[in-house]
Structure formats: structure tokens, C-alpha cells
file start_21.txt (compact mmCIF, C-alpha atoms)
# COMPACT_ATOMS: atom_id res chain seq x y z
CA MET G 803 46.07 -35.35 -17.92
CA ARG G 804 45.93 -37.74 -14.99
CA ASN G 805 48.47 -38.03 -12.23
CA ILE G 806 49.59 -41.12 -10.29
CA SER G 807 50.36 -40.47 -6.64
CA SER G 808 53.73 -42.24 -6.73
CA ASN G 809 55.01 -40.07 -9.59
CA ASN G 810 57.97 -37.88 -8.73
CA PHE G 811 58.10 -35.54 -11.74
CA ILE G 812 58.01 -31.89 -10.65
CA ILE G 813 57.47 -29.06 -13.13
CA CYS G 814 58.62 -25.58 -12.08
CA LEU G 815 56.76 -22.64 -13.63
CA GLY G 816 56.11 -18.96 -13.07
CA ASP G 817 58.45 -15.97 -12.94
CA ASP G 818 62.07 -16.27 -14.06
CA VAL G 819 63.11 -15.93 -10.44
CA ARG G 820 62.74 -19.72 -10.47
CA TYR G 821 66.13 -19.88 -12.18
CA ARG G 822 67.70 -18.44 -9.03
CA PHE G 823 66.37 -21.51 -7.31
CA ALA G 824 67.62 -23.71 -10.17
CA GLN G 825 71.09 -22.19 -9.96
CA GLU G 826 71.44 -23.49 -6.40
CA LEU G 827 70.87 -27.01 -7.73
CA MET G 828 73.61 -26.78 -10.36
CA PRO G 829 76.90 -28.67 -9.89
CA GLU G 830 79.85 -26.58 -8.82
CA GLY G 831 81.29 -24.50 -11.64
CA HIS G 832 78.13 -24.53 -13.80
CA LEU G 833 76.05 -21.39 -14.23
CA ILE G 834 72.62 -20.65 -15.66
CA ASP G 835 72.86 -17.65 -17.96
CA THR G 836 70.20 -15.37 -16.53
CA ASN G 837 71.62 -12.24 -18.19
CA SER G 838 69.93 -12.94 -21.52
CA LEU G 839 66.34 -11.82 -22.14
CA LYS G 840 65.06 -15.33 -21.66
CA ILE G 841 66.24 -18.86 -20.98
CA SER G 842 66.10 -20.62 -24.35
CA LYS G 843 66.29 -24.24 -23.16
CA SER G 844 64.56 -26.26 -20.51
CA TYR G 845 66.60 -27.34 -17.51
CA VAL G 846 65.90 -30.88 -16.31
CA PHE G 847 67.40 -31.87 -12.95
CA ILE G 848 67.85 -35.59 -12.30
CA TYR G 849 69.16 -37.09 -9.08
CA SER G 850 72.62 -38.61 -9.42
CA LYS G 851 75.56 -39.09 -7.09
CA GLU G 852 77.86 -38.34 -10.02
CA GLU G 853 77.20 -34.77 -11.11
CA ASN G 854 77.23 -33.82 -14.77
CA VAL G 855 75.60 -31.38 -17.22
CA ILE G 856 74.63 -32.54 -20.72
CA THR G 857 73.16 -30.21 -23.35
CA ASP G 858 71.13 -31.25 -26.39
CA GLU G 859 68.99 -29.30 -28.87
CA LYS G 860 65.97 -28.81 -26.60
CA ARG G 861 67.13 -29.14 -23.04
CA ILE G 862 69.94 -29.15 -20.55
CA LEU G 863 70.13 -32.31 -18.45
CA VAL G 864 71.59 -31.67 -15.03
CA TYR G 865 72.63 -34.71 -13.00
CA THR G 866 73.03 -33.59 -9.41
CA SER G 867 72.95 -34.87 -5.86
CA LYS G 868 71.35 -31.61 -4.69
CA ILE G 869 67.81 -32.85 -5.30
CA HIS G 870 66.08 -35.71 -3.54
CA GLU G 871 66.64 -39.23 -4.80
CA GLY G 872 64.02 -40.31 -7.31
CA ARG G 873 62.93 -36.77 -8.14
CA ILE G 874 63.00 -35.15 -11.58
CA LEU G 875 62.61 -31.35 -11.75
CA GLU G 876 62.04 -29.51 -15.00
CA PHE G 877 62.27 -25.76 -15.47
CA PRO G 878 60.68 -25.14 -18.91
CA LEU G 879 62.22 -22.37 -20.99
CA SER G 880 61.00 -18.92 -20.04
CA GLY G 881 58.07 -17.42 -21.89
CA ILE G 882 56.67 -20.80 -22.95
CA ASP G 883 52.92 -21.00 -23.35
CA LEU G 884 51.47 -22.87 -20.37
CA LYS G 885 49.19 -25.02 -22.54
CA SER G 886 52.13 -26.05 -24.71
CA SER G 887 54.14 -26.91 -21.63
CA PHE G 888 51.52 -29.33 -20.34
CA GLU G 889 50.80 -30.79 -23.78
CA GLU G 890 54.48 -31.62 -24.07
CA HIS G 891 54.17 -33.59 -20.84
CA GLU G 892 50.86 -35.21 -21.73
CA LYS G 893 52.27 -38.72 -21.32
CA ILE G 894 54.15 -37.81 -18.15
CA ARG G 895 52.31 -38.04 -14.87
CA ILE G 896 53.15 -34.81 -13.13
CA GLY G 897 53.38 -35.30 -9.38
CA LYS G 898 53.76 -31.62 -8.55
CA ALA G 899 53.58 -28.21 -10.19
CA VAL G 900 55.58 -25.48 -8.44
CA ILE G 901 54.78 -21.85 -9.26
CA PHE G 902 57.52 -19.33 -8.48
CA ALA G 903 56.45 -15.71 -7.95
CA ASP G 904 58.81 -12.76 -7.76
CA PHE G 905 58.22 -9.99 -5.24
CA PRO G 906 55.92 -7.98 -5.16
CA TYR G 907 53.77 -10.72 -6.77
CA LYS G 908 51.66 -9.41 -9.66
CA LYS G 909 48.26 -10.57 -8.50
CA GLU G 910 46.37 -10.64 -11.79
CA ASN G 911 49.10 -12.53 -13.65
CA LEU G 912 49.65 -14.92 -10.77
CA ARG G 913 45.95 -15.62 -10.27
CA TYR G 914 45.61 -16.36 -13.99
CA LEU G 915 48.60 -18.74 -13.85
CA ILE G 916 47.29 -20.57 -10.78
CA GLU G 917 43.84 -21.00 -12.32
CA LYS G 918 45.35 -22.37 -15.54
CA ILE G 919 47.61 -24.81 -13.70
CA CYS G 920 44.77 -26.00 -11.44
CA THR G 921 42.86 -26.80 -14.64
CA SER G 922 45.73 -28.24 -16.66
CA ALA G 923 47.25 -30.34 -13.87
CA GLU G 924 44.07 -30.93 -11.92
CA ASN G 925 45.33 -33.99 -10.03
CA ALA G 926 48.83 -32.74 -9.29
CA ASP G 927 50.03 -31.38 -5.99
CA ILE G 928 50.52 -27.62 -6.43
CA ASP G 929 52.84 -25.27 -4.51
CA LEU G 930 53.15 -21.51 -4.74
CA VAL G 931 56.66 -20.30 -3.84
CA LEU G 932 56.95 -16.61 -2.95
CA TYR G 933 60.45 -15.28 -3.55
CA ASN G 934 61.19 -13.24 -0.45
CA GLU G 935 64.31 -11.16 -1.04
CA LYS G 936 62.29 -7.98 -0.79
CA ARG G 937 64.99 -5.36 -0.51
CA ARG G 938 66.48 -6.10 -3.92
CA ALA G 939 63.14 -5.00 -5.42
CA GLY G 940 63.41 -1.61 -3.74
CA TYR G 941 61.08 -2.32 -0.82
CA THR G 942 63.08 -1.03 2.10
CA ASP G 943 59.91 -0.58 4.13
CA ILE G 944 59.81 -3.91 5.99
CA GLU G 945 56.28 -3.35 7.29
CA LYS G 946 55.03 -2.74 3.75
CA SER G 947 56.91 -5.80 2.51
CA ASP G 948 55.39 -8.02 5.21
CA ARG G 949 51.94 -6.69 4.33
CA ILE G 950 52.43 -7.60 0.65
CA ILE G 951 53.47 -11.13 1.60
CA SER G 952 50.52 -11.46 3.98
CA GLU G 953 48.14 -10.29 1.26
CA ALA G 954 49.59 -12.88 -1.13
CA TYR G 955 48.85 -15.67 1.34
CA GLU G 956 45.29 -14.41 1.72
CA GLU G 957 44.78 -13.80 -2.01
CA PHE G 958 46.00 -17.17 -3.25
CA GLY G 959 45.19 -19.37 -0.26
CA VAL G 960 41.62 -19.64 -1.54
CA PHE G 961 42.84 -22.04 -4.24
CA GLY G 962 43.62 -24.70 -1.64
CA ILE G 963 47.29 -24.87 -2.67
CA ASP G 964 50.33 -24.90 -0.39
CA ILE G 965 52.18 -21.58 -0.12
CA CYS G 966 55.72 -21.13 1.12
CA GLN G 967 58.50 -18.53 0.95
CA TYR G 968 61.94 -18.88 -0.55
CA PHE G 969 65.13 -16.85 -0.50
CA ALA G 970 68.64 -17.71 -1.59
CA GLY G 971 70.10 -20.49 0.53
CA SER G 972 66.84 -21.40 2.29
CA ASP G 973 65.69 -24.96 2.89
CA LYS G 974 64.30 -26.60 -0.25
CA SER G 975 62.98 -29.88 1.15
CA ASP G 976 59.32 -28.85 0.88
CA ILE G 977 59.75 -28.24 -2.85
CA PHE G 978 60.95 -31.81 -3.36
CA THR G 979 58.05 -33.29 -1.40
CA VAL G 980 55.34 -34.80 -3.56
CA VAL G 981 52.24 -35.25 -1.43
CA PRO G 982 51.09 -38.89 -1.64
CA ASP G 983 47.70 -39.98 -2.92
CA ASN G 984 47.10 -36.80 -4.88
CA LEU G 985 46.03 -34.94 -1.76
CA ARG G 986 45.06 -31.77 -3.59
CA TYR G 987 42.80 -33.73 -5.93
CA ILE G 988 41.35 -35.62 -2.99
CA LYS G 989 40.82 -32.40 -1.01
CA ASN G 990 39.01 -30.73 -3.89
CA ARG G 991 36.93 -33.83 -4.50
CA TYR G 992 36.09 -34.23 -0.84
CA LEU G 993 35.25 -30.57 -0.40
CA LYS G 994 32.53 -31.06 -3.00
CA GLU G 995 31.39 -34.33 -1.45
CA LEU G 996 31.44 -32.83 2.05
CA LYS G 997 29.14 -30.09 0.83
CA GLY G 998 26.76 -32.74 -0.51
CA ALA G 999 26.96 -34.78 2.70
CA ASN G 1000 26.21 -31.72 4.82
CA TYR G 1001 23.28 -30.80 2.61
CA ARG G 1002 21.78 -34.30 2.80
CA LEU G 1003 22.20 -34.44 6.58
CA GLU G 1004 20.71 -31.02 7.25
CA LYS G 1005 18.03 -30.86 4.56
CA ARG G 1006 17.02 -34.43 3.78
CA PHE G 1007 17.47 -36.34 7.02
CA ASP G 1008 13.96 -35.93 8.47
CA ILE G 1009 12.22 -36.77 5.18
CA HIS G 1010 14.58 -39.66 4.55
CA TYR G 1011 13.98 -41.00 8.06
CA LYS G 1012 10.21 -41.06 7.56
CA THR G 1013 10.76 -43.42 4.64
CA PHE G 1014 13.04 -45.50 6.86
CA LEU G 1015 10.28 -45.73 9.49
CA GLU G 1016 7.81 -46.96 6.89
CA ARG G 1017 10.14 -49.83 6.02
CA THR G 1018 10.90 -50.71 9.62
CA TYR G 1019 8.73 -49.54 12.50
CA GLU G 1020 5.52 -49.12 10.52
CA HIS G 1021 6.08 -52.39 8.72
CA TYR G 1022 6.84 -54.59 11.73
CA PHE G 1023 5.28 -52.95 14.79
CA SER G 1024 2.01 -51.29 13.74
CA PHE G 1025 -1.41 -52.35 12.56
CA ASN G 1026 -0.41 -51.34 9.04
CA ASN G 1027 0.95 -54.85 8.57
CA PRO G 1028 -1.26 -57.25 10.59
CA ALA G 1029 0.87 -60.34 9.83
CA GLU G 1030 4.09 -58.77 11.09
CA PHE G 1031 2.35 -57.11 14.01
CA SER G 1032 0.97 -60.51 15.10
CA ARG G 1033 4.52 -61.87 14.98
CA TYR G 1034 5.64 -59.03 17.22
CA LEU G 1035 2.81 -59.73 19.71
CA LYS G 1036 3.99 -63.35 20.03
CA LEU G 1037 6.93 -61.97 22.03
CA PHE G 1038 4.52 -61.42 24.91
CA GLU G 1039 2.90 -64.87 24.93
CA PHE G 1040 3.41 -66.96 28.06
CA GLY G 1041 4.83 -69.85 26.00
CA SER G 1042 7.57 -67.63 24.60
CA LEU G 1043 9.07 -66.93 28.01
CA PRO G 1044 11.66 -68.97 29.89
CA ILE G 1045 9.89 -71.06 32.54
CA ASP G 1046 9.26 -69.13 35.76
CA THR G 1047 11.47 -66.17 34.79
CA ASP G 1048 11.98 -63.37 37.29
CA ASP G 1049 12.69 -60.78 34.56
CA VAL G 1050 9.82 -60.56 32.09
CA ILE G 1051 10.93 -57.25 30.53
CA GLY G 1052 14.49 -58.53 30.18
CA SER G 1053 13.18 -61.59 28.33
CA PHE G 1054 11.12 -59.37 26.01
CA ALA G 1055 14.20 -57.24 25.27
CA ASP G 1056 16.42 -60.27 24.59
CA ASP G 1057 13.86 -61.83 22.25
CA PHE G 1058 13.27 -58.52 20.46
CA ARG G 1059 17.00 -57.96 19.93
CA GLU G 1060 17.44 -61.48 18.57
CA MET G 1061 14.43 -61.24 16.23
CA TYR G 1062 14.80 -57.69 14.94
CA LEU G 1063 18.37 -56.56 15.64
CA GLY G 1064 20.17 -59.86 15.20
CA LYS G 1065 22.94 -60.53 12.72
CA ASP G 1066 21.78 -60.06 9.12
CA SER G 1067 18.32 -58.90 10.25
CA ASP G 1068 16.39 -56.74 7.79
CA ILE G 1069 16.06 -53.88 10.25
CA LEU G 1070 19.76 -53.86 11.09
CA ASN G 1071 20.57 -53.82 7.39
CA GLU G 1072 18.12 -50.92 6.89
CA ILE G 1073 19.85 -48.98 9.70
CA THR G 1074 23.22 -49.61 8.07
CA GLU G 1075 22.11 -48.53 4.61
CA PHE G 1076 20.42 -45.44 6.00
CA TYR G 1077 23.58 -44.37 7.83
CA LEU G 1078 25.94 -45.14 4.94
CA ASP G 1079 23.91 -42.92 2.64
CA TYR G 1080 25.27 -39.92 4.57
CA ILE G 1081 28.95 -40.86 4.82
CA SER G 1082 29.64 -43.25 1.91
CA GLU G 1083 31.09 -40.54 -0.38
CA ILE G 1084 33.50 -39.16 2.21
CA LEU G 1085 34.48 -42.48 3.83
CA SER G 1086 34.32 -44.79 0.82
CA PHE G 1087 37.57 -46.45 1.91
CA SER G 1088 36.13 -47.72 5.21
CA LEU G 1089 32.50 -48.65 4.56
CA SER G 1090 32.90 -52.13 6.01
CA GLU G 1091 34.21 -50.70 9.29
CA GLU G 1092 31.49 -48.04 9.31
CA SER G 1093 28.81 -50.70 8.79
CA ILE G 1094 30.04 -52.74 11.74
CA MET G 1095 30.34 -49.61 13.87
CA ILE G 1096 26.80 -48.31 13.29
CA GLN G 1097 25.30 -51.75 13.93
CA LYS G 1098 27.16 -52.02 17.25
CA TYR G 1099 25.98 -48.55 18.27
CA ALA G 1100 22.37 -49.29 17.28
CA ILE G 1101 22.33 -52.49 19.37
CA ALA G 1102 24.12 -50.81 22.28
CA LEU G 1103 21.53 -48.02 22.24
CA PHE G 1104 18.72 -50.57 22.44
CA GLU G 1105 20.40 -52.38 25.32
CA LYS G 1106 20.99 -49.11 27.15
CA MET G 1107 17.29 -48.24 26.98
CA PHE G 1108 16.42 -51.46 28.83
CA ALA G 1109 19.47 -51.57 31.12
CA GLU G 1110 17.59 -50.02 34.03
CA ARG G 1111 14.29 -51.84 34.42
CA GLN G 1112 11.98 -53.16 37.05
CA LYS G 1113 12.34 -56.91 37.41
CA ILE G 1114 8.99 -58.64 37.27
CA SER G 1115 8.39 -62.40 37.67
CA SER G 1116 6.22 -64.19 35.17
CA GLY G 1117 4.22 -66.22 37.70
CA LYS G 1118 3.62 -69.97 37.68
CA THR G 1119 0.66 -70.10 35.33
CA GLU G 1120 -0.53 -68.27 32.23
CA LEU G 1121 -3.38 -66.75 34.22
CA GLU G 1122 -0.98 -65.37 36.83
CA TYR G 1123 1.22 -64.07 34.01
CA LYS G 1124 -1.63 -62.17 32.33
CA GLU G 1125 -2.65 -60.64 35.66
CA ILE G 1126 0.95 -59.49 36.25
CA LEU G 1127 1.13 -57.96 32.76
CA ASN G 1128 -2.15 -56.08 33.20
CA LYS G 1129 -1.34 -54.93 36.72
CA ASN G 1130 2.07 -53.51 35.74
CA ASN G 1131 1.05 -52.30 32.27
CA VAL G 1132 4.13 -54.16 30.92
CA ILE G 1133 3.27 -54.60 27.24
CA THR G 1134 2.18 -50.98 26.82
CA GLU G 1135 5.34 -49.63 28.46
CA PHE G 1136 7.57 -51.98 26.45
CA THR G 1137 5.90 -50.94 23.19
CA GLN G 1138 6.31 -47.29 24.13
CA LYS G 1139 10.03 -47.91 24.57
CA ILE G 1140 10.22 -49.53 21.15
CA ASP G 1141 8.35 -46.55 19.73
CA ASP G 1142 10.80 -44.15 21.43
CA TYR G 1143 13.77 -46.15 20.13
CA PHE G 1144 12.70 -45.87 16.52
CA HIS G 1145 11.17 -42.40 16.55
CA ARG G 1146 13.57 -40.46 18.75
CA GLN G 1147 16.62 -42.31 20.04
CA LEU G 1148 17.77 -44.02 16.83
CA PRO G 1149 17.50 -40.97 14.53
CA ASN G 1150 19.35 -38.86 17.09
CA LEU G 1151 22.10 -41.48 17.23
CA ILE G 1152 22.49 -41.79 13.45
CA HIS G 1153 22.39 -38.03 12.91
CA SER G 1154 24.98 -37.32 15.60
CA ILE G 1155 27.41 -40.00 14.36
CA ALA G 1156 27.07 -38.92 10.72
CA ASP G 1157 27.57 -35.30 11.74
CA MET G 1158 30.65 -36.24 13.78
CA LYS G 1159 32.17 -38.13 10.83
CA ILE G 1160 31.52 -35.25 8.42
CA LYS G 1161 33.12 -32.77 10.82
CA ALA G 1162 36.12 -35.06 11.31
CA VAL G 1163 36.76 -35.25 7.56
CA GLN G 1164 36.26 -31.49 7.27
CA LYS G 1165 38.81 -30.89 10.03
CA MET G 1166 41.31 -33.23 8.38
CA ILE G 1167 41.03 -31.37 5.08
CA ASP G 1168 41.20 -27.94 6.73
CA GLU G 1169 44.41 -28.93 8.50
CA LYS G 1170 45.98 -30.02 5.20
CA ARG G 1171 45.01 -26.92 3.23
call {"tool": "encode", "arguments": {"input": "start_21.txt", "output": "C-alpha cells"}}
result
Amino acid sequence: MRNISSNNFIICLGDDVRYRFAQELMPEGHLIDTNSLKISKSYVFIYSKEENVITDEKRILVYTSKIHEGRILEFPLSGIDLKSSFEEHEKIRIGKAVIFADFPYKKENLRYLIEKICTSAENADIDLVLYNEKRRAGYTDIEKSDRIISEAYEEFGVFGIDICQYFAGSDKSDIFTVVPDNLRYIKNRYLKELKGANYRLEKRFDIHYKTFLERTYEHYFSFNNPAEFSRYLKLFEFGSLPIDTDDVIGSFADDFREMYLGKDSDILNEITEFYLDYISEILSFSLSEESIMIQKYAIALFEKMFAERQKISSGKTELEYKEILNKNNVITEFTQKIDDYFHRQLPNLIHSIADMKIKAVQKMIDEKR
């Protein structure tokens, strides 16, 4: 069964205490017969300004203004097999399943029911409602009662479902709320994907980055590829500089950024793809924004590394220029900075941003659980 986020059908299951809740939704003068051994017909509550109760062979249709507009609540007959209940609604997209539990909450039965519902309505929002009129069940010890409720939250909170308490006359608005975009399904899906993202970042990053270096740094800036390395060395030729520049290193940096980190450059695309590999499953809805972001950070990092530099003039002639380069060891120091950018600064940047994004998604999910 698959759920659509905009669906407003809510199915109410669990202990028969749910009919106490249902009674509060009935129009004035209409009662649910809870004295019999079991409720023999399903109650379906439909929003309507004009209240009415209509009975047919299988169900009782209750038109009432006591539920939220657009919502449909069904309380299946008591004792119905859970599988049969969901098969009956196979063509209906269930937006929420609400499980009512009577105090003192039979843990084994309730755990079984929650597990079955999580499987049968895997994309639906799921609430557990703990009926909290403790004294009627003989628990006059308030401390013991509070402990039982606390244990229920701990016991069933591991399923990632929302848990709330209910007593006669309490606010019901949370029950009528269908979380948009199938948040429970998304949370469960993202918990799995977060685990994978964390594993890749912590266990695969270094190995993955070595492959990245082979396609970028080793390919363009080492003797491993003489043709590309010769192209890189042309940056330092006298004819490549602006005439009589007073900032040789700045000119090198500008030319390097334009050649290797410019728009649509192969290296910039490699950086983007490398980064997206770690966050694409958890931020699939914003990959375009993430691509732009990581490219801006990569370029900004490069510019920051050369922001503070010694300004050196090129000289008037090529001979003067070569003497200045040799005297100040310019090419060697520039190449060392490029080496540091690719081998230390860039991986630290990508790892820290990916880690920050993963933690942000984790925090968002934890807050919603």
C-alpha cells in the first residue's frame, strides 16, 4: 500500500478505549454502545457542518463538525484482523494510522501491533495514543502510574512514531494532523541513507580522494602527464604575464583560477561530483544549490590561500623576469601552494562541509522523531 502525502484518511486502531475517543466526536444525543462485548460495525467520521448519523449493513457514517475539515476517521469494528483491515483499504491512501492503548499498556500486544502497522502502512504517519485515565484502572499510586507511562514512551519511542496522551475531554487537534510529505516514511528512509552517508564519509573518503587526485592533480600538475604539465608551466612564461606587472604571484593565481577553476572546468566539475557523492542521497531535492555552493567554496578557498602574498614585479625584460623568479623562488613556492590546496586544504573543506550537511539532516530528523 502506498500513501500520498495530501491524503486525509485516518484509521484508528488498537484497544477498544478508542471508542471513548470516538464518542466525543458523536453528534449530541447519539451514543456508541460500548456495553456489548465488541463493536460490530465500523464507525466512519466525516466532516460536515450539518450533523447526522447514517447506518448501513457494514458501517455507521457519522457526519460531524467535531473533526477537522477534510478529514475522514474510521474506527474499524473491534476484534478485526489487522491484515484484513488494511486489505479492505488497499485502494485508499491512508494518511495516518492512530493506535489507541489502554492503561497500563500491554507491552507485548502493543509492540506486535505497532510492528504490524509499520509494515502494513509503511508510508503512513503513525501516532500512538496512550489513554491516561489511570485511576479508573485501579492505579491509585500516582508515582507508579507515571512510571508506567514513562516506560511506554521509552519502550515504543524506538519505532520513530509520535506518542501522545489522551484523557476524556483533552485536546484532539494532534490526532487530526496528518504530517505532510509522509514524514515518517521520509525519516525512516533518510535514517538509512544517513547511515550510508556517514559510512562513506568516515570509511571511504581518503581512498575516494586518492582517486580524485589521480584525475585532477596528478593528471594536470605532475610529470605523470607531460602534455598537461607543460600547459601548466606556460603559466610562468614571461609572455603570459601582463606587461610590466607589479604582482607576479597574483597574475599566476588569476591565470590558474581561470584555466583550472573557471566555469565548466573539468577540475571544478570533478570537485562537484566528488562532493555530491556524499550528500546526494540525503539532499536530493537541492543538488543544484549544493553544486553551486561547493564550487563557490572551492574557489573562495583558492583565493584565500593567495590573498596574503608578497608583491613582486616582473621586470622589464624576460632576462630580468627569470632572475626575479630564481631569486625569490617564486615558481617552487607557487607550486607548493597548489600542492597544498589539492592535498590538504581542499579535502579538509569538502569533508567538513559534507559532515556539516549530514549532521544538519540528522538533527532535523531527531527533532521530528
call {"tool": "residues_around", "arguments": {"input": "start_21.txt", "residues": "Phe1144 (chain G)", "least_positions_apart": "6", "cutoff": "9 Å", "atoms": "only C-alpha atoms", "output": "mmCIF file with C-alpha atoms, in the coordinates of the input"}}
result
data_model
loop_
_atom_site.group_PDB
_atom_site.id
_atom_site.type_symbol
_atom_site.label_atom_id
_atom_site.label_comp_id
_atom_site.auth_asym_id
_atom_site.auth_seq_id
_atom_site.Cartn_x
_atom_site.Cartn_y
_atom_site.Cartn_z
ATOM 1 C CA LEU G 1015 10.280 -45.730 9.490
ATOM 2 C CA THR G 1018 10.900 -50.710 9.620
ATOM 3 C CA TYR G 1019 8.730 -49.540 12.500
#
call {"tool": "closest_residue", "arguments": {"input": "start_21.txt", "among": "G:Tyr1099, G:Phe969, G:Tyr1123, G:Phe877", "to": "Thr1047 (chain G)", "atoms": "only C-alpha atoms"}}
result
G:Tyr1123
call {"tool": "residues_around", "arguments": {"input": "start_21.txt", "residues": "Glu1004 (chain G)", "least_positions_apart": "4", "cutoff": "12 Å", "atoms": "all atoms listed in the file", "output": "ChimeraX atom specification"}}
result
/G:997-1000,1008-1010,1080,1153-1154,1156-1157,1160
call {"tool": "residues_near_point", "arguments": {"input": "start_21.txt", "point": "(22.6, -48.8, 18.8)", "cutoff": "12 Å", "atoms": "all atoms listed in the file", "output": "JSON, numbers by chain"}}
result
{"G": [1059, 1063, 1064, 1069, 1070, 1073, 1074, 1077, 1093, 1094, 1095, 1096, 1097, 1098, 1099, 1100, 1101, 1102, 1103, 1104, 1105, 1106, 1107, 1143, 1144, 1147, 1148, 1149, 1150, 1151, 1152, 1155]}
call {"tool": "atom_distance", "arguments": {"input": "start_21.txt", "atom1": "CA of Ser1088 (chain G)", "atom2": "CA of Lys1065 (chain G)"}}
result
19.9 Å
call {"tool": "atom_distance", "arguments": {"input": "start_21.txt", "atom1": "CA of Ser1090 (chain G)", "atom2": "CA of Asp1066 (chain G)"}}
result
14.0 Å
call {"tool": "atom_distance", "arguments": {"input": "start_21.txt", "atom1": "CA of Leu863 (chain G)", "atom2": "CA of Gly831 (chain G)"}}
result
15.2 Å
call {"tool": "closest_residue", "arguments": {"input": "start_21.txt", "among": "G:Ile862, G:Leu875, G:Ile1114, G:Ala954", "to": "Ile848 (chain G)", "atoms": "all atoms listed in the file"}}
result
G:Leu875
call {"tool": "closest_residue", "arguments": {"input": "start_21.txt", "among": "G:Glu852, G:Lys908, G:Asn1128, G:Phe1076", "to": "Glu953 (chain G)", "atoms": "all atoms listed in the file"}}
result
G:Lys908
call {"tool": "closest_residue", "arguments": {"input": "start_21.txt", "among": "G:Asp904, G:Asp927, G:Glu859, G:Gln1138", "to": "Ile950 (chain G)", "atoms": "only C-alpha atoms"}}
result
G:Asp904
call {"tool": "closest_residue", "arguments": {"input": "start_21.txt", "among": "G:Asn934, G:Leu1121, G:Ile963, G:Ile951", "to": "Ile916 (chain G)", "atoms": "only C-alpha atoms"}}
result
G:Ile963
call {"tool": "closest_residue", "arguments": {"input": "start_21.txt", "among": "G:Lys1118, G:Tyr907, G:Ile856, G:Cys920", "to": "Asp1048 (chain G)", "atoms": "all atoms listed in the file"}}
result
G:Lys1118
